[in-house]
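K.L.:
A single structure is presented below for examination.
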Amino acid sequence: MTQRYRVTVAYDGTDFAGFQVQPNQRTVQGTLEKALTKMSKGADIQVYGSGRTDAGVHAMGQVVHFDYPQALPAISMLRALNSLLPLDMEVVDSQLVDDSFHARFSTVGKRYMYRVDLGHYTNPFKRRYTGHYPYPIDVDRIKAALPDVMGTHDYTSFAASGGVIKDKVRTIYDATVVFDEAENELVFEFYGNGFLYNMVRILVGTLLEIGNGRRDVHDFLRLYEVKDRQQARSNAPASGLYLKTVYYETDENN
């Protein structure tokens, strides 16, 4: 008799080759599965994530589920996993769920954060955790463009080339930017029902070009129409991207 667990994980993505298991690579999924195998004395336990994050991308609230061969209390699962995980990964929540829950297919939305350091030179203490944009920025131009990001659109121009997903229509419920004066950073957040491969990084790159005056404030409206990745060239670095929250229908206040 197995018990299904929903576990929320935070990780520094710098030294991971992304979430998904890859041969001879250190990955988030592989690290979790290795710890669970050790806990269960060799049982093969597969971890399913809410989605994949790329190499260098961080998470504050990645959600996974797995079936464990015995019913431990949720707090015991959290403590046991954290005792075996490396220092760049932490289980921040653990819940017992029924077999109908699926970390990927039960999700109804995700929230991403992106941090941009605006310093003239690369800050050695922030380079793993921010993107870097050393050019002049008019934040008001970016704020004026954000309403165009929201809504239901075909985001073909904002998806990495070579993706296998044909339907590129997504809905973004909220998109914000805040200037953190103390850190000299722009902090973006995007909340939507789903995101395409590299979509957030391309959105940020385009918004930065608008803020710098390289693009028209309402260039998003044109880019939706042309459906051409080559016309939304910029792709912000993975280092500034964080999967902040994954939403499910069963969650309170959702």
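In the structure tokens, each chain is lettered A, B, ... as it comes, each chain's residues begin at 1, and ligands are numbered from 1 in order of appearance.
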Taking only region 65-254 of chain A into account, list the residues labelled alpha helix (DSSP H) by DSSP (computed from the backbone), as a PyMOL selection string.
P.N.:
chain A and resi 74-84+139-149+199-211+219-226
K.L.:
Could you write those residues out with C-alpha atoms, as a short mmCIF file (atom, residue, chain, number, x, y, z; two decimals), in the first residue's frame?
P.N.:
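The resulting file, part-v4.cif, is reproduced below:
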data_model
loop_
_atom_site.label_atom_id
_atom_site.label_comp_id
_atom_site.auth_asym_id
_atom_site.auth_seq_id
_atom_site.Cartn_x
_atom_site.Cartn_y
_atom_site.Cartn_z
CA ALA A 74 3.87 14.53 6.29
CA ILE A 75 6.24 16.25 8.72
CA SER A 76 8.36 13.07 8.94
CA MET A 77 8.69 13.00 5.15
CA LEU A 78 9.81 16.66 5.16
CA ARG A 79 12.40 16.06 7.87
CA ALA A 80 13.72 12.83 6.38
CA LEU A 81 14.16 14.31 2.91
CA ASN A 82 15.85 17.44 4.22
CA SER A 83 18.32 15.31 6.17
CA LEU A 84 19.43 13.71 2.88
CA VAL A 139 10.58 51.95 -15.80
CA ASP A 140 7.48 53.93 -16.80
CA ARG A 141 7.78 52.63 -20.36
CA ILE A 142 7.88 49.06 -19.05
CA LYS A 143 4.84 49.70 -16.84
CA ALA A 144 2.98 51.10 -19.83
CA ALA A 145 3.75 47.93 -21.80
CA LEU A 146 2.68 45.43 -19.13
CA PRO A 147 -1.09 45.61 -19.83
CA ASP A 148 -0.29 44.35 -23.35
CA VAL A 149 1.42 41.30 -21.82
CA MET A 199 8.60 32.30 -22.46
CA VAL A 200 9.22 34.31 -19.28
CA ARG A 201 12.85 34.97 -20.20
CA ILE A 202 11.84 36.19 -23.65
CA LEU A 203 9.07 38.39 -22.20
CA VAL A 204 11.60 39.98 -19.84
CA GLY A 205 14.13 40.50 -22.62
CA THR A 206 11.50 42.24 -24.73
CA LEU A 207 10.33 44.42 -21.83
CA LEU A 208 13.92 45.50 -21.12
CA GLU A 209 14.31 46.57 -24.75
CA ILE A 210 11.09 48.59 -24.44
CA GLY A 211 12.44 50.18 -21.26
CA ASP A 219 5.43 46.34 -29.64
CA PHE A 220 3.87 43.30 -27.97
CA LEU A 221 0.71 43.84 -30.03
CA ARG A 222 2.74 43.60 -33.23
CA LEU A 223 4.71 40.58 -32.01
CA TYR A 224 1.52 38.64 -31.26
CA GLU A 225 0.45 39.15 -34.85
CA VAL A 226 3.71 38.24 -36.63
#
K.L.:
Skip Tyr155 (chain A) itself and residues of its chain fewer than 4 positions away, then list as a PyMOL selection string all residues within 7 Å of it, counting only C-alpha atoms.
P.N.:
chain A and resi 159+168-170+224
K.L.:
Please build the interface table for region 30-76 of chain A against region 96-105 of chain A with a cut-off of 7 Å, listing for each qualifying residue the nearest atom pair and the distance in Å to one decimal; count only C-alpha atoms, order rows by chain and increasing number, and write it as CSV.
P.N.:
residue,atom,partner,partner_atom,distance
A:Tyr48,CA,A:Ala103,CA,6.4
A:Gly49,CA,A:Ala103,CA,5.6
A:Ser50,CA,A:Arg104,CA,3.9
A:Gly51,CA,A:Arg104,CA,6.2
A:Val63,CA,A:Ala103,CA,6.1
A:Val64,CA,A:Ala103,CA,5.3
A:His65,CA,A:Ala103,CA,5.6
A:Ala74,CA,A:Leu96,CA,6.0
K.L.:
If we count only C-alpha atoms and set the cut-off at 12 Å, which residues sit around Tyr133 (chain A), ignoring sequence neighbours fewer than 2 positions away in its own chain? Please answer as a ChimeraX atom specification.
P.N.:
/A:115-123,127,130-131,135-137,184-186,204-205,207-209,211-212,234-237,240
K.L.:
Between A:Asp15, A:Asp67, A:Glu183, A:Asp251, which has the minimum distance to Ser40 (chain A) (counting only C-alpha atoms)?
P.N.:
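Among the listed residues, A:Asp67 lies closest to Ser40 (chain A).
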K.L.:
Could you check which of A:Tyr5, A:Tyr114, A:Tyr173, A:Tyr197 is closest to His132 (chain A), using only C-alpha atoms?
P.N.:
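Of A:Tyr5, A:Tyr114, A:Tyr173, A:Tyr197, the one nearest His132 (chain A), counting only C-alpha atoms, is A:Tyr114.
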K.L.:
Using only C-alpha atoms for the distances, tell me which of A:Asp44, A:Asp12, A:Asp167, A:Asp88 is nearest to Leu196 (chain A).
P.N.:
A:Asp167
K.L.:
Considering only C-alpha atoms, state which residue in the set A:Thr53, A:Gln3, A:Ser106, A:Gln230 is at the smallest distance from Thr27 (chain A).
P.N.:
A:Thr53
K.L.:
Determine, counting only C-alpha atoms, which protein, DNA and RNA residues have an atom within 6 Å of an atom of His58 (chain A); residues of the same chain fewer than 3 positions away are not included. Present the result as a CSV table (one decimal) with C-alpha atoms, in the first residue's frame.
P.N.:
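result02.csv, freshly written:
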chain,number,residue,atom,x,y,z
A,11,TYR,CA,16.4,25.1,-4.9
A,12,ASP,CA,19.3,27.2,-6.1
A,13,GLY,CA,19.4,26.1,-9.7
A,242,TYR,CA,12.5,31.8,-10.2
K.L.:
Among the residues of region 41-216 of chain A, find those DSSP assigns to strand (DSSP E) from the backbone and print them as a PyMOL selection string.
P.N.:
chain A and resi 48-49+58-68+89-97+107-117+131-132+151-154+169-180+185-192
K.L.:
Could you work out how far CA of Lys227 (chain A) lies from CA of Lys166 (chain A), giving the answer in Å with one decimal?
P.N.:
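Taking CA of Lys166 (chain A) and CA of Lys227 (chain A), their separation equals 12.4 Å.
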K.L.:
Report, in Å with one decimal, the straight-line distance from CA of Val178 (chain A) to CA of Thr156 (chain A).
P.N.:
26.4 Å
K.L.:
Return the single residue from A:Phe195, A:Val9, A:Phe188, A:Gly42 that is closest to Ile165 (chain A), with distances computed using only C-alpha atoms.
P.N.:
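Once distances to Ile165 (chain A) are computed over only C-alpha atoms, the minimum belongs to A:Phe195.
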K.L.:
Rank A:Thr8, A:Met1, A:Arg26, A:Thr37 by their smallest atom-to-atom distance to Gln70 (chain A), using only C-alpha atoms, and report the top residue only.
P.N.:
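Counting only C-alpha atoms, the residue closest to Gln70 (chain A) is A:Met1.
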